[in-house]
>>> print(open('query_27.cif').read())   # mmCIF, C-alpha atoms and all ligand atoms
data_start
#
loop_
_atom_site.group_PDB
_atom_site.id
_atom_site.type_symbol
_atom_site.label_atom_id
_atom_site.label_comp_id
_atom_site.auth_asym_id
_atom_site.auth_seq_id
_atom_site.Cartn_x
_atom_site.Cartn_y
_atom_site.Cartn_z
ATOM 1 C CA MET S 426 -50.757 -17.750 -69.982
ATOM 2 C CA GLN S 427 -51.007 -14.539 -72.060
ATOM 3 C CA LYS S 428 -53.652 -14.619 -74.774
ATOM 4 C CA TYR S 429 -52.802 -13.085 -78.155
ATOM 5 C CA ILE S 430 -55.648 -12.616 -80.630
ATOM 6 C CA LEU S 431 -55.502 -12.225 -84.409
ATOM 7 C CA ILE S 432 -58.310 -10.466 -86.302
ATOM 8 C CA ILE S 433 -58.324 -11.216 -90.036
ATOM 9 C CA GLY S 434 -60.277 -8.661 -92.062
ATOM 10 C CA ALA S 435 -59.837 -6.108 -89.257
ATOM 11 C CA CYS S 436 -60.547 -3.115 -91.510
ATOM 12 C CA GLY S 437 -64.049 -4.246 -92.466
ATOM 13 C CA GLN S 438 -67.388 -3.255 -90.945
ATOM 14 C CA ILE S 439 -67.354 -5.844 -88.133
ATOM 15 C CA GLY S 440 -63.568 -6.233 -87.923
ATOM 16 C CA THR S 441 -62.953 -2.566 -87.051
ATOM 17 C CA GLU S 442 -65.294 -2.507 -84.056
ATOM 18 C CA LEU S 443 -64.344 -6.000 -82.926
ATOM 19 C CA THR S 444 -60.641 -5.078 -82.907
ATOM 20 C CA LEU S 445 -61.208 -1.850 -80.961
ATOM 21 C CA THR S 446 -63.414 -3.644 -78.407
ATOM 22 C CA LEU S 447 -60.985 -6.536 -77.948
ATOM 23 C CA ARG S 448 -58.094 -4.054 -77.551
ATOM 24 C CA GLN S 449 -60.011 -2.257 -74.796
ATOM 25 C CA ARG S 450 -60.624 -5.570 -73.089
ATOM 26 C CA TYR S 451 -57.240 -7.311 -73.372
ATOM 27 C CA GLY S 452 -54.786 -4.459 -74.097
ATOM 28 C CA ASN S 453 -53.701 -2.950 -77.423
ATOM 29 C CA ASP S 454 -50.600 -5.103 -77.849
ATOM 30 C CA LYS S 455 -52.548 -8.340 -77.304
ATOM 31 C CA VAL S 456 -54.809 -7.884 -80.329
ATOM 32 C CA ILE S 457 -53.145 -8.068 -83.744
ATOM 33 C CA ALA S 458 -55.203 -6.502 -86.528
ATOM 34 C CA SER S 459 -54.663 -7.742 -90.084
ATOM 35 C CA ASP S 460 -56.181 -7.094 -93.465
ATOM 36 C CA ILE S 461 -55.279 -7.297 -97.135
ATOM 37 C CA ARG S 462 -54.995 -3.500 -97.154
ATOM 38 C CA GLU S 463 -54.612 -0.615 -94.728
ATOM 39 C CA GLY S 464 -57.746 0.864 -93.126
ATOM 40 C CA ASN S 465 -59.091 3.045 -90.368
ATOM 41 C CA GLU S 466 -56.432 5.162 -88.603
ATOM 42 C CA SER S 467 -57.712 4.512 -85.074
ATOM 43 C CA LEU S 468 -57.330 0.806 -85.744
ATOM 44 C CA MET S 469 -53.912 0.984 -87.413
ATOM 45 C CA GLU S 470 -52.476 3.273 -84.754
ATOM 46 C CA SER S 471 -53.901 1.691 -81.617
ATOM 47 C CA GLY S 472 -51.953 -1.587 -81.839
ATOM 48 C CA PRO S 473 -50.049 -4.034 -84.058
ATOM 49 C CA PHE S 474 -51.204 -4.233 -87.686
ATOM 50 C CA GLU S 475 -50.147 -6.707 -90.395
ATOM 51 C CA ILE S 476 -50.938 -6.755 -94.099
ATOM 52 C CA LEU S 477 -52.133 -10.334 -94.558
ATOM 53 C CA ASP S 478 -53.836 -12.288 -97.343
ATOM 54 C CA ALA S 479 -56.009 -14.843 -95.513
ATOM 55 C CA THR S 480 -55.885 -17.209 -98.501
ATOM 56 C CA ASP S 481 -52.075 -17.511 -98.121
ATOM 57 C CA TYR S 482 -51.582 -20.330 -95.572
ATOM 58 C CA ASP S 483 -47.809 -19.795 -95.158
ATOM 59 C CA ALA S 484 -48.187 -16.057 -94.511
ATOM 60 C CA LEU S 485 -50.966 -16.729 -92.008
ATOM 61 C CA GLU S 486 -48.951 -19.427 -90.228
ATOM 62 C CA GLU S 487 -45.988 -17.045 -89.990
ATOM 63 C CA VAL S 488 -48.061 -14.286 -88.340
ATOM 64 C CA VAL S 489 -49.614 -16.816 -85.937
ATOM 65 C CA ALA S 490 -46.176 -18.150 -84.930
ATOM 66 C CA TYR S 491 -44.553 -14.706 -84.657
ATOM 67 C CA TYR S 492 -47.198 -13.277 -82.292
ATOM 68 C CA GLU S 493 -47.910 -16.601 -80.516
ATOM 69 C CA ILE S 494 -51.585 -16.268 -81.434
ATOM 70 C CA SER S 495 -54.080 -18.496 -79.619
ATOM 71 C CA GLU S 496 -57.404 -17.126 -80.930
ATOM 72 C CA VAL S 497 -58.371 -16.122 -84.469
ATOM 73 C CA TYR S 498 -61.413 -14.106 -85.575
ATOM 74 C CA LEU S 499 -61.726 -14.622 -89.329
ATOM 75 C CA MET S 500 -63.819 -11.668 -90.521
ATOM 76 C CA ALA S 501 -62.546 -11.411 -94.121
ATOM 77 C CA ALA S 502 -65.251 -12.280 -96.670
ATOM 78 C CA MET S 503 -66.819 -11.161 -99.919
ATOM 79 C CA LEU S 504 -70.454 -10.237 -99.188
ATOM 80 C CA SER S 505 -73.612 -11.164 -101.068
ATOM 81 C CA ALA S 506 -73.942 -8.463 -103.744
ATOM 82 C CA THR S 507 -70.252 -8.398 -104.742
ATOM 83 C CA ALA S 508 -70.053 -12.193 -104.667
ATOM 84 C CA GLU S 509 -72.760 -12.397 -107.366
ATOM 85 C CA LYS S 510 -70.434 -10.373 -109.621
ATOM 86 C CA PHE S 511 -67.268 -12.355 -108.849
ATOM 87 C CA PRO S 512 -68.399 -15.908 -107.975
ATOM 88 C CA MET S 513 -65.034 -17.659 -108.192
ATOM 89 C CA ARG S 514 -63.166 -14.928 -106.317
ATOM 90 C CA ALA S 515 -65.841 -15.035 -103.611
ATOM 91 C CA TRP S 516 -65.650 -18.824 -103.303
ATOM 92 C CA ASN S 517 -61.865 -18.714 -103.197
ATOM 93 C CA LEU S 518 -61.696 -16.031 -100.504
ATOM 94 C CA ASN S 519 -64.608 -17.244 -98.377
ATOM 95 C CA MET S 520 -63.636 -20.927 -98.401
ATOM 96 C CA ASN S 521 -59.827 -20.966 -98.551
ATOM 97 C CA SER S 522 -59.454 -18.474 -95.726
ATOM 98 C CA LEU S 523 -61.725 -20.674 -93.593
ATOM 99 C CA PHE S 524 -59.818 -23.863 -94.431
ATOM 100 C CA ASN S 525 -56.534 -22.126 -93.586
ATOM 101 C CA VAL S 526 -57.767 -21.131 -90.140
ATOM 102 C CA LEU S 527 -59.495 -24.458 -89.438
ATOM 103 C CA ASN S 528 -56.329 -26.318 -90.447
ATOM 104 C CA LEU S 529 -54.200 -24.181 -88.108
ATOM 105 C CA ALA S 530 -56.592 -25.174 -85.311
ATOM 106 C CA LYS S 531 -56.518 -28.829 -86.368
ATOM 107 C CA GLU S 532 -52.688 -28.699 -86.195
ATOM 108 C CA LYS S 533 -53.047 -27.212 -82.658
ATOM 109 C CA LYS S 534 -51.277 -24.011 -83.729
ATOM 110 C CA ILE S 535 -54.260 -22.017 -82.396
ATOM 111 C CA ASP S 536 -56.849 -22.935 -79.728
ATOM 112 C CA LYS S 537 -60.048 -21.177 -80.739
ATOM 113 C CA VAL S 538 -61.695 -19.805 -83.891
ATOM 114 C CA PHE S 539 -64.535 -17.382 -84.559
ATOM 115 C CA TRP S 540 -65.982 -17.376 -88.066
ATOM 116 C CA PRO S 541 -69.043 -15.379 -89.143
ATOM 117 C CA SER S 542 -71.933 -17.035 -90.952
ATOM 118 C CA SER S 543 -75.009 -15.160 -92.177
ATOM 119 C CA ILE S 544 -78.770 -15.270 -92.710
ATOM 120 C CA ALA S 545 -77.700 -15.816 -96.346
ATOM 121 C CA VAL S 546 -77.421 -19.558 -95.568
ATOM 122 C CA PHE S 547 -81.216 -19.665 -95.903
ATOM 123 C CA GLY S 548 -83.047 -19.763 -99.223
ATOM 124 C CA ALA S 549 -86.432 -19.388 -100.857
ATOM 125 C CA ASN S 550 -87.705 -22.707 -99.435
ATOM 126 C CA THR S 551 -86.796 -21.858 -95.841
ATOM 127 C CA PRO S 552 -89.716 -20.859 -93.554
ATOM 128 C CA ASP S 553 -89.703 -17.065 -93.873
ATOM 129 C CA THR S 554 -90.951 -16.026 -90.430
ATOM 130 C CA LEU S 555 -89.167 -16.880 -87.192
ATOM 131 C CA THR S 556 -86.821 -19.131 -89.167
ATOM 132 C CA PRO S 557 -85.776 -22.017 -86.882
ATOM 133 C CA GLN S 558 -82.180 -22.896 -85.986
ATOM 134 C CA SER S 559 -82.438 -26.174 -87.923
ATOM 135 C CA THR S 560 -84.488 -25.983 -91.089
ATOM 136 C CA ILE S 561 -84.419 -26.243 -94.887
ATOM 137 C CA MET S 562 -81.312 -24.457 -96.176
ATOM 138 C CA GLU S 563 -81.121 -24.132 -99.940
ATOM 139 C CA PRO S 564 -79.209 -20.884 -100.536
ATOM 140 C CA SER S 565 -79.251 -19.652 -104.118
ATOM 141 C CA THR S 566 -76.550 -16.964 -103.861
ATOM 142 C CA VAL S 567 -72.791 -17.465 -104.188
ATOM 143 C CA TYR S 568 -72.275 -15.922 -100.771
ATOM 144 C CA GLY S 569 -75.014 -18.051 -99.188
ATOM 145 C CA ILE S 570 -73.596 -21.235 -100.701
ATOM 146 C CA SER S 571 -70.133 -20.376 -99.326
ATOM 147 C CA LYS S 572 -71.534 -19.626 -95.859
ATOM 148 C CA GLN S 573 -73.606 -22.806 -95.749
ATOM 149 C CA SER S 574 -70.625 -24.890 -96.879
ATOM 150 C CA GLY S 575 -68.484 -23.111 -94.308
ATOM 151 C CA GLU S 576 -70.941 -24.025 -91.564
ATOM 152 C CA ARG S 577 -70.808 -27.702 -92.541
ATOM 153 C CA TRP S 578 -66.980 -27.598 -92.497
ATOM 154 C CA CYS S 579 -66.915 -25.916 -89.073
ATOM 155 C CA ASN S 580 -69.185 -28.645 -87.747
ATOM 156 C CA TYR S 581 -67.012 -31.313 -89.389
ATOM 157 C CA TYR S 582 -63.741 -29.946 -87.964
ATOM 158 C CA HIS S 583 -65.334 -29.779 -84.526
ATOM 159 C CA ASN S 584 -66.673 -33.357 -84.631
ATOM 160 C CA LYS S 585 -63.676 -34.929 -86.300
ATOM 161 C CA PHE S 586 -60.703 -32.917 -84.974
ATOM 162 C CA HIS S 587 -62.198 -31.278 -81.826
ATOM 163 C CA VAL S 588 -61.581 -27.800 -83.217
ATOM 164 C CA ASP S 589 -63.145 -25.173 -80.934
ATOM 165 C CA VAL S 590 -64.862 -23.140 -83.651
ATOM 166 C CA ARG S 591 -67.833 -20.892 -82.915
ATOM 167 C CA SER S 592 -70.096 -19.019 -85.286
ATOM 168 C CA ILE S 593 -73.127 -16.750 -85.609
ATOM 169 C CA ARG S 594 -75.525 -16.260 -88.523
ATOM 170 C CA TYR S 595 -75.354 -12.465 -88.507
ATOM 171 C CA PRO S 596 -78.349 -10.535 -89.792
ATOM 172 C CA GLY S 597 -77.767 -7.200 -91.595
ATOM 173 C CA LEU S 598 -75.501 -5.093 -89.382
ATOM 174 C CA ILE S 599 -75.938 -1.368 -88.765
ATOM 175 C CA SER S 600 -72.982 0.710 -87.605
ATOM 176 C CA TRP S 601 -71.572 4.222 -87.855
ATOM 177 C CA LYS S 602 -67.787 3.694 -87.513
ATOM 178 C CA THR S 603 -67.094 1.799 -90.759
ATOM 179 C CA MET S 604 -69.217 1.486 -93.896
ATOM 180 C CA PRO S 605 -70.242 -2.009 -94.977
ATOM 181 C CA GLY S 606 -69.281 -2.992 -98.514
ATOM 182 C CA GLY S 607 -70.941 -5.212 -101.076
ATOM 183 C CA GLY S 608 -73.874 -6.492 -99.018
ATOM 184 C CA THR S 609 -77.617 -6.593 -99.662
ATOM 185 C CA THR S 610 -78.456 -5.150 -96.237
ATOM 186 C CA ASP S 611 -76.076 -2.176 -96.738
ATOM 187 C CA TYR S 612 -79.048 0.099 -97.517
ATOM 188 C CA ALA S 613 -79.820 0.187 -93.792
ATOM 189 C CA VAL S 614 -76.519 2.009 -93.183
ATOM 190 C CA GLU S 615 -76.439 4.170 -96.335
ATOM 191 C CA ILE S 616 -79.917 5.516 -95.543
ATOM 192 C CA TYR S 617 -78.707 7.228 -92.329
ATOM 193 C CA HIS S 618 -75.741 8.854 -94.102
ATOM 194 C CA LYS S 619 -77.995 10.163 -96.914
ATOM 195 C CA ALA S 620 -80.719 11.254 -94.491
ATOM 196 C CA LEU S 621 -78.207 13.547 -92.798
ATOM 197 C CA SER S 622 -76.358 14.760 -95.901
ATOM 198 C CA GLU S 623 -79.180 15.030 -98.503
ATOM 199 C CA LYS S 624 -82.460 14.524 -96.619
ATOM 200 C CA LYS S 625 -83.391 11.916 -99.230
ATOM 201 C CA TYR S 626 -82.447 8.372 -100.212
ATOM 202 C CA THR S 627 -83.147 6.066 -103.154
ATOM 203 C CA CYS S 628 -83.388 2.518 -101.837
ATOM 204 C CA PHE S 629 -82.263 -0.456 -103.943
ATOM 205 C CA LEU S 630 -84.842 -2.724 -102.242
ATOM 206 C CA ARG S 631 -88.654 -2.523 -102.416
ATOM 207 C CA GLU S 632 -90.410 -0.708 -99.583
ATOM 208 C CA ASP S 633 -91.959 -3.917 -98.157
ATOM 209 C CA THR S 634 -88.784 -6.059 -98.052
ATOM 210 C CA GLU S 635 -88.562 -7.156 -94.424
ATOM 211 C CA LEU S 636 -85.129 -8.398 -93.294
ATOM 212 C CA PRO S 637 -83.527 -9.282 -89.939
ATOM 213 C CA MET S 638 -81.121 -6.553 -88.739
ATOM 214 C CA MET S 639 -78.928 -5.791 -85.735
ATOM 215 C CA PHE S 640 -77.053 -2.773 -84.333
ATOM 216 C CA MET S 641 -73.301 -3.334 -84.253
ATOM 217 C CA ASP S 642 -72.958 -2.994 -80.447
ATOM 218 C CA ASP S 643 -75.313 -5.970 -80.070
ATOM 219 C CA ALA S 644 -73.399 -7.948 -82.727
ATOM 220 C CA ILE S 645 -70.028 -7.348 -81.033
ATOM 221 C CA ARG S 646 -71.432 -8.222 -77.600
ATOM 222 C CA ALA S 647 -72.975 -11.414 -79.008
ATOM 223 C CA THR S 648 -69.664 -12.395 -80.594
ATOM 224 C CA LEU S 649 -67.749 -11.914 -77.345
ATOM 225 C CA GLU S 650 -70.429 -13.655 -75.258
ATOM 226 C CA LEU S 651 -70.313 -16.663 -77.582
ATOM 227 C CA MET S 652 -66.506 -16.750 -77.441
ATOM 228 C CA ASP S 653 -66.567 -16.444 -73.617
ATOM 229 C CA ALA S 654 -69.128 -19.241 -73.130
ATOM 230 C CA PRO S 655 -67.848 -22.553 -71.705
ATOM 231 C CA ALA S 656 -67.198 -25.020 -74.557
ATOM 232 C CA GLU S 657 -69.701 -27.514 -73.132
ATOM 233 C CA ASP S 658 -72.529 -24.950 -73.427
ATOM 234 C CA ILE S 659 -71.962 -24.552 -77.181
ATOM 235 C CA LYS S 660 -74.218 -27.209 -78.669
ATOM 236 C CA VAL S 661 -74.297 -25.741 -82.185
ATOM 237 C CA ARG S 662 -70.958 -25.987 -84.002
ATOM 238 C CA SER S 663 -72.279 -24.889 -87.390
ATOM 239 C CA ALA S 664 -73.591 -21.382 -86.549
ATOM 240 C CA TYR S 665 -76.184 -19.880 -84.203
ATOM 241 C CA ASN S 666 -79.282 -18.017 -85.361
ATOM 242 C CA LEU S 667 -79.213 -14.529 -83.837
ATOM 243 C CA SER S 668 -81.991 -11.961 -83.799
ATOM 244 C CA ALA S 669 -82.573 -8.390 -82.647
ATOM 245 C CA MET S 670 -85.126 -6.649 -84.927
ATOM 246 C CA SER S 671 -86.716 -6.904 -88.363
ATOM 247 C CA PHE S 672 -87.910 -4.004 -90.513
ATOM 248 C CA THR S 673 -88.686 -2.923 -94.062
ATOM 249 C CA PRO S 674 -87.190 0.081 -95.916
ATOM 250 C CA ALA S 675 -90.526 1.877 -95.356
ATOM 251 C CA GLN S 676 -90.298 1.291 -91.588
ATOM 252 C CA ILE S 677 -86.689 2.517 -91.276
ATOM 253 C CA ALA S 678 -87.668 5.592 -93.330
ATOM 254 C CA ASP S 679 -90.551 6.302 -90.898
ATOM 255 C CA SER S 680 -88.202 5.936 -87.987
ATOM 256 C CA ILE S 681 -85.792 8.479 -89.576
ATOM 257 C CA LYS S 682 -88.714 10.843 -90.355
ATOM 258 C CA SER S 683 -89.554 11.000 -86.665
ATOM 259 C CA HIS S 684 -86.159 12.756 -86.233
ATOM 260 C CA ILE S 685 -85.858 14.442 -89.678
ATOM 261 C CA PRO S 686 -89.457 15.210 -90.834
ATOM 262 C CA GLU S 687 -88.365 16.428 -94.311
ATOM 263 C CA PHE S 688 -86.598 13.122 -95.120
ATOM 264 C CA GLU S 689 -87.876 11.462 -98.304
ATOM 265 C CA ILE S 690 -87.362 7.923 -99.581
ATOM 266 C CA SER S 691 -87.870 6.569 -103.109
ATOM 267 C CA TYR S 692 -87.403 3.042 -104.428
ATOM 268 C CA GLU S 693 -85.446 1.674 -107.397
ATOM 269 C CA PRO S 694 -85.015 -2.060 -106.758
ATOM 270 C CA ASP S 695 -81.993 -3.592 -108.523
ATOM 271 C CA PHE S 696 -80.402 -7.090 -108.635
ATOM 272 C CA ARG S 697 -80.110 -7.072 -104.830
ATOM 273 C CA GLN S 698 -83.912 -7.392 -104.550
ATOM 274 C CA ALA S 699 -83.685 -10.966 -105.873
ATOM 275 C CA ILE S 700 -81.101 -11.780 -103.179
ATOM 276 C CA ALA S 701 -83.196 -10.237 -100.386
ATOM 277 C CA ASP S 702 -86.306 -12.086 -101.612
ATOM 278 C CA THR S 703 -84.686 -15.431 -100.714
ATOM 279 C CA TRP S 704 -83.755 -14.385 -97.151
ATOM 280 C CA PRO S 705 -86.017 -14.748 -94.088
ATOM 281 C CA SER S 706 -87.916 -11.800 -92.653
ATOM 282 C CA SER S 707 -87.349 -12.822 -89.032
ATOM 283 C CA ILE S 708 -85.243 -15.316 -87.075
ATOM 284 C CA ASP S 709 -85.875 -17.620 -84.097
ATOM 285 C CA ASP S 710 -82.777 -17.379 -81.914
ATOM 286 C CA SER S 711 -84.018 -19.427 -78.938
ATOM 287 C CA SER S 712 -80.974 -21.759 -79.057
ATOM 288 C CA ALA S 713 -78.603 -18.803 -78.589
ATOM 289 C CA GLN S 714 -80.843 -17.486 -75.794
ATOM 290 C CA THR S 715 -80.974 -20.741 -73.847
ATOM 291 C CA GLU S 716 -77.458 -22.063 -74.511
ATOM 292 C CA TRP S 717 -75.361 -18.940 -73.905
ATOM 293 C CA GLY S 718 -77.839 -16.350 -72.646
ATOM 294 C CA TRP S 719 -78.188 -14.093 -75.727
ATOM 295 C CA GLN S 720 -80.462 -11.021 -75.381
ATOM 296 C CA PRO S 721 -80.475 -8.041 -77.805
ATOM 297 C CA GLU S 722 -80.546 -4.452 -76.508
ATOM 298 C CA PHE S 723 -81.134 -2.311 -79.614
ATOM 299 C CA ASP S 724 -84.491 -2.072 -81.430
ATOM 300 C CA LEU S 725 -85.121 0.110 -84.506
ATOM 301 C CA GLU S 726 -85.906 3.289 -82.522
ATOM 302 C CA ARG S 727 -82.780 3.047 -80.397
ATOM 303 C CA THR S 728 -80.678 2.234 -83.474
ATOM 304 C CA THR S 729 -82.018 5.280 -85.354
ATOM 305 C CA SER S 730 -81.366 7.634 -82.420
ATOM 306 C CA GLU S 731 -77.817 6.300 -82.006
ATOM 307 C CA MET S 732 -76.986 6.398 -85.745
ATOM 308 C CA LEU S 733 -78.289 9.947 -86.260
ATOM 309 C CA GLU S 734 -76.570 11.215 -83.116
ATOM 310 C CA LYS S 735 -73.185 9.625 -83.904
ATOM 311 C CA LEU S 736 -73.186 10.530 -87.608
ATOM 312 C CA GLY S 737 -74.736 13.989 -87.110
HETATM 313 C C1 LIG Y 1 -74.992 -9.069 -96.808
HETATM 314 O O1 LIG Y 1 -75.965 -8.326 -97.013
HETATM 315 O O2 LIG Y 1 -74.410 -9.695 -97.684
HETATM 316 C C2 LIG Y 1 -74.526 -9.244 -95.371
HETATM 317 C C3 LIG Y 1 -75.149 -10.434 -94.728
HETATM 318 C C4 LIG Y 1 -76.589 -10.430 -94.389
HETATM 319 O O3 LIG Y 1 -74.476 -11.391 -94.463
HETATM 320 N N1 LIG Y 1 -74.796 -8.071 -94.612
#
>>> encode(input="query_27.cif", output="structure tokens")
Amino acid sequence: MQKYILIIGACGQIGTELTLTLRQRYGNDKVIASDIREGNESLMESGPFEILDATDYDALEEVVAYYEISEVYLMAAMLSATAEKFPMRAWNLNMNSLFNVLNLAKEKKIDKVFWPSSIAVFGANTPDTLTPQSTIMEPSTVYGISKQSGERWCNYYHNKFHVDVRSIRYPGLISWKTMPGGGTTDYAVEIYHKALSEKKYTCFLREDTELPMMFMDDAIRATLELMDAPAEDIKVRSAYNLSAMSFTPAQIADSIKSHIPEFEISYEPDFRQAIADTWPSSIDDSSAQTEWGWQPEFDLERTTSEMLEKLG
């Protein structure tokens, strides 16, 4: 049987690269990109594109029926920094879109769901270093609360209705094709753009704020490996911890200076510092490693070389 895939939030930082990779793998016409607004030309022109509000169940159901969709990647979300400014809008988007997709799967209108969680599910009382898969989770941000609730609902729909939903707790993601928007880890992308254009960057986090990060190629590969894994190997139906590297703003600046010696960084922490302070500095992803074979390929040095080369 032919497999048709729907990406919701296809114009975002992860959605763009996920759509292009899935189109290469399955064929352009098999992967339907959708978003609330138009985006990247390469994405819009390489295959079918639908304007879709993921909180509108009827509109979503119509697109799923029209294209005979069997798999949905729900990438639409309001990220941590923006969600602090618009709590109710964030809750509405992050939760209702998830319920809509989970309910389509419960009704057997689709077979498989991918939904992204985040390191934001953790909070100030979580062990900070090598944070375990199962641990104290008391998120204090709007975004973190929505992601933690989402994880519990994914687990519930799997246990109760046998929905095949799979998820990853993404760390901060670094990519050059599409800018992130509204996140706390966004500095780790902005810094490369500013290093090339202005040779200096003012960071909104303190120099010693260590956070888990990942290069986008690793994140996309992890997503596809998790979706390809046999259902019986997926023991975690909330979301998997996933790790690649951890660094501070001072360390990423040093890594850039080894390519651009005149680069200068200064620090003006803002409200995003308080968000970052509640997140872990490193993650234990041994469950992902043993259950579906996860291994990262990009460390900070490789990420810096790739970002500066591609953006340069
Ligand atoms: C954010 O900073 O909000 C995101 C995330 C870690 O989920 N990048």
>>> residues_near_ligand(input="query_27.cif", ligand="ligand LIG 1 (chain Y)", cutoff="7 Å", atoms="all atoms listed in the file", output="MDAnalysis selection string")
chainID S and resid 504:506 543:545 595:598 607:611
>>> residues_around(input="query_27.cif", residues="S:Glu496", least_positions_apart="2", cutoff="7 Å", atoms="all atoms listed in the file", output="short mmCIF file (atom, residue, chain, number, x, y, z; two decimals) with C-alpha atoms, keeping the file's coordinate frame")
data_model
loop_
_atom_site.label_atom_id
_atom_site.label_comp_id
_atom_site.auth_asym_id
_atom_site.auth_seq_id
_atom_site.Cartn_x
_atom_site.Cartn_y
_atom_site.Cartn_z
CA TYR S 429 -52.80 -13.08 -78.16
CA ILE S 430 -55.65 -12.62 -80.63
CA LEU S 431 -55.50 -12.22 -84.41
CA ILE S 494 -51.58 -16.27 -81.43
CA TYR S 498 -61.41 -14.11 -85.58
CA ILE S 535 -54.26 -22.02 -82.40
CA ASP S 536 -56.85 -22.94 -79.73
CA LYS S 537 -60.05 -21.18 -80.74
CA VAL S 538 -61.70 -19.80 -83.89
#
>>> resolve_selection(input="query_27.cif", expression="the PyMOL selection byres (((chain S and resi 564) around 8) and not hetatm)", output="MDAnalysis selection string")
chainID S and resid 545:549 562:563 565:566 569:570 573 703
>>> closest_residue(input="query_27.cif", among="S:Gln676, S:Asn584, S:Asn519, S:Ser495", to="S:Lys572", atoms="only C-alpha atoms")
S:Asn519
>>> resolve_selection(input="query_27.cif", expression="the PyMOL selection byres (((chain S and resi 712-719) around 9) and not hetatm)", output="PyMOL selection string")
chain S and resi 558+647+650-651+654-655+658-661+665-667+709-711+720-721
>>> write_last_selection(input="query_27.cif", atoms="C-alpha atoms", output="PDB file, keeping the file's coordinate frame")
ATOM      1  CA  GLN S 558     -82.180 -22.896 -85.986  1.00  0.00           C
ATOM      2  CA  ALA S 647     -72.975 -11.414 -79.008  1.00  0.00           C
ATOM      3  CA  GLU S 650     -70.429 -13.655 -75.258  1.00  0.00           C
ATOM      4  CA  LEU S 651     -70.313 -16.663 -77.582  1.00  0.00           C
ATOM      5  CA  ALA S 654     -69.128 -19.241 -73.130  1.00  0.00           C
ATOM      6  CA  PRO S 655     -67.848 -22.553 -71.705  1.00  0.00           C
ATOM      7  CA  ASP S 658     -72.529 -24.950 -73.427  1.00  0.00           C
ATOM      8  CA  ILE S 659     -71.962 -24.552 -77.181  1.00  0.00           C
ATOM      9  CA  LYS S 660     -74.218 -27.209 -78.669  1.00  0.00           C
ATOM     10  CA  VAL S 661     -74.297 -25.741 -82.185  1.00  0.00           C
ATOM     11  CA  TYR S 665     -76.184 -19.880 -84.203  1.00  0.00           C
ATOM     12  CA  ASN S 666     -79.282 -18.017 -85.361  1.00  0.00           C
ATOM     13  CA  LEU S 667     -79.213 -14.529 -83.837  1.00  0.00           C
ATOM     14  CA  ASP S 709     -85.875 -17.620 -84.097  1.00  0.00           C
ATOM     15  CA  ASP S 710     -82.777 -17.379 -81.914  1.00  0.00           C
ATOM     16  CA  SER S 711     -84.018 -19.427 -78.938  1.00  0.00           C
ATOM     17  CA  GLN S 720     -80.462 -11.021 -75.381  1.00  0.00           C
ATOM     18  CA  PRO S 721     -80.475  -8.041 -77.805  1.00  0.00           C
TER      19      PRO S 721
END
>>> closest_residue(input="query_27.cif", among="S:Glu487, S:Ile461, S:Lys735, S:Ile690", to="S:Glu623", atoms="all atoms listed in the file")
S:Ile690
>>> residues_around(input="query_27.cif", residues="S:Asp695", least_positions_apart="2", cutoff="10 Å", atoms="only C-alpha atoms", output="list in words")
Cys628, Phe629, Leu630, Arg631, Tyr692, Glu693, Arg697, Gln698, Ala699 and Ile700 of chain S
>>> closest_residue(input="query_27.cif", among="S:Asp478, S:Glu463, S:Asp483, S:Asp553", to="S:Ala502", atoms="all atoms listed in the file")
S:Asp478
>>> residues_near_point(input="query_27.cif", point="(-84.8, -13.3, -92.2)", cutoff="8 Å", atoms="only C-alpha atoms", output="list in words")
Ile544, Asp553, Thr554, Leu555, Thr556, Pro596, Glu635, Leu636, Pro637, Ser671, Trp704, Pro705, Ser706, Ser707 and Ile708 of chain S
>>> closest_residue(input="query_27.cif", among="S:Pro694, S:Ala458, S:Gln438, S:Met639", to="S:Phe723", atoms="all atoms listed in the file")
S:Met639
>>> closest_residue(input="query_27.cif", among="S:Leu523, S:Ile457, S:Met652, S:Leu443", to="S:Tyr491", atoms="only C-alpha atoms")
S:Ile457
